[in-house]
Amino acid sequence: MSGAQAGTGISPADPYRIGHYAGFRQGTAVHAARELASKRVIVGYGFWIFLLSDIVMFSTFFASFGVLSGQTAGGPSGKDLFNLTNVAIETACLLFSSFTCGIASIGARTHDNLMYYGGMAVTFVFGASFLYFEMHEFVGLILQGAGPERSAFLSAFFTVVGCHGLHVTLGLMWLLTMVAQVFSKGYRPDILRRVLCFSLFWHTLDIIWVALFTIVYLMGAGQ
Amino acid sequence: MIQADQAERLHETDISPGDDRPDRSEIAHGLIGYAVGLALAVLLSIVSFFVARTSLVWQPSIPIALFVLAVAQIGVHLVFFVHITTGPDNTNNVMALAFGVLIVFLVIAGSLWIMSELNANMALPMNELMRMQP
């Protein structure tokens, strides 16, 4: 693309050849090659910015939970409601799904079908089990009259935990999409970059869950 | 057909460092990295759940211990799963992470601080309340 522009000369309206990229061909190729990161690094950086903005959004939910965690309006508190065995199972599901997602991303980079499809399948099963246990807990709370409308504490609880569950649901849909894309288009570089973004997303969900089970469940059950 | 073949071969060589397919030792290295991360994360989680329910330690220290364990586990996840490193191609990621942590700290600590101050100012001393009675 820049080769077509290189011989045309400098027009007076564009003395610095902005956007023509001619400098790349005129002796600064080494400099430019050092400056340009690979597309994989750039895509990863952009998606990392998105993930950090997602974490900042979660921090506002954590802040409201921290402020409202004592406001039970005479209703049940975390100590009465939380079943830590259930939370431990959910934690194990997400931790192992993070590991299998890592295996799947190695499989994607090595074009290894068994590691990629197997890793993605196990990740999906663990993610879906996590959602099952979370739904089970939510339904149990609502049936015993401790739904989000009961108190400010429960509103904040359902907001922060439900928002994480929503992210896991979207992540599972994205997982299926990535499996279908690799299946139909193969391990193309652009598809592999999407797999990289998906794995970053999935690992970040696990990071948020670490903060969540510590602040909401473990500290809440101890109060 | 020949053109497609040539394009394929060009494509195969036209890749940046880090985008190339890793060899066997790199695969083993990657697997070991994820396994170490999983082991550390499981260990820290188990300790967290144990500390939350134990009566062996001084109770007021438990929230602080849980906080430290959570920060350690998040560090393990960042290093072994997200692959945040100190390498030169990771400088931007680290700087973005530092900025994100700053914002998260300001939002959470600021909210808790302001709301607890407001709560404290809402509660009037008892004699003030008595004086306000008609």
# chains A, B, ... in the order shown; residues from 1 in each chain; ligands from 1

$ residues_around --residues "segment 96-104 of chain B" --least-positions-apart "4" --cutoff "7 Å" --atoms "only C-alpha atoms" --output "VMD selection string"
(chain A and resid 49 52 56 59) or (chain B and resid 92 108)

$ write_last_selection --atoms "C-alpha atoms" --output "PDB file, in the first residue's frame"
ATOM      1  CA  ILE A  49      -8.203  -1.720  28.505  1.00  0.00           C
ATOM      2  CA  LEU A  52      -9.958  -2.870  33.205  1.00  0.00           C
ATOM      3  CA  VAL A  56     -13.787  -0.399  37.391  1.00  0.00           C
ATOM      4  CA  SER A  59     -15.629  -1.742  41.750  1.00  0.00           C
TER       5      SER A  59
ATOM      6  CA  ASN B  92       1.585  -0.802  28.434  1.00  0.00           C
ATOM      7  CA  ILE B 108     -14.052   1.723  46.883  1.00  0.00           C
TER       8      ILE B 108
END

$ residues_around --residues "segment 109-124 of chain A" --least-positions-apart "6" --cutoff "8 Å" --atoms "only C-alpha atoms" --output "list in words"
Phe96, Ser97, Ser98, Thr100, Cys101, Gly102, Ile103, Leu172, Leu175, Val179, Tyr187 and Leu192 of chain A; Arg21, Pro22, Asp23 and Ile27 of chain B

$ closest_residue --among "A:Phe198, A:Trp174, A:Tyr132, A:Phe138" --to "chain B" --atoms "only C-alpha atoms"
A:Phe198

$ atom_distance --atom1 "atom CA of Gly220 of chain A" --atom2 "atom CA of Ala72 of chain B"
19.9 Å
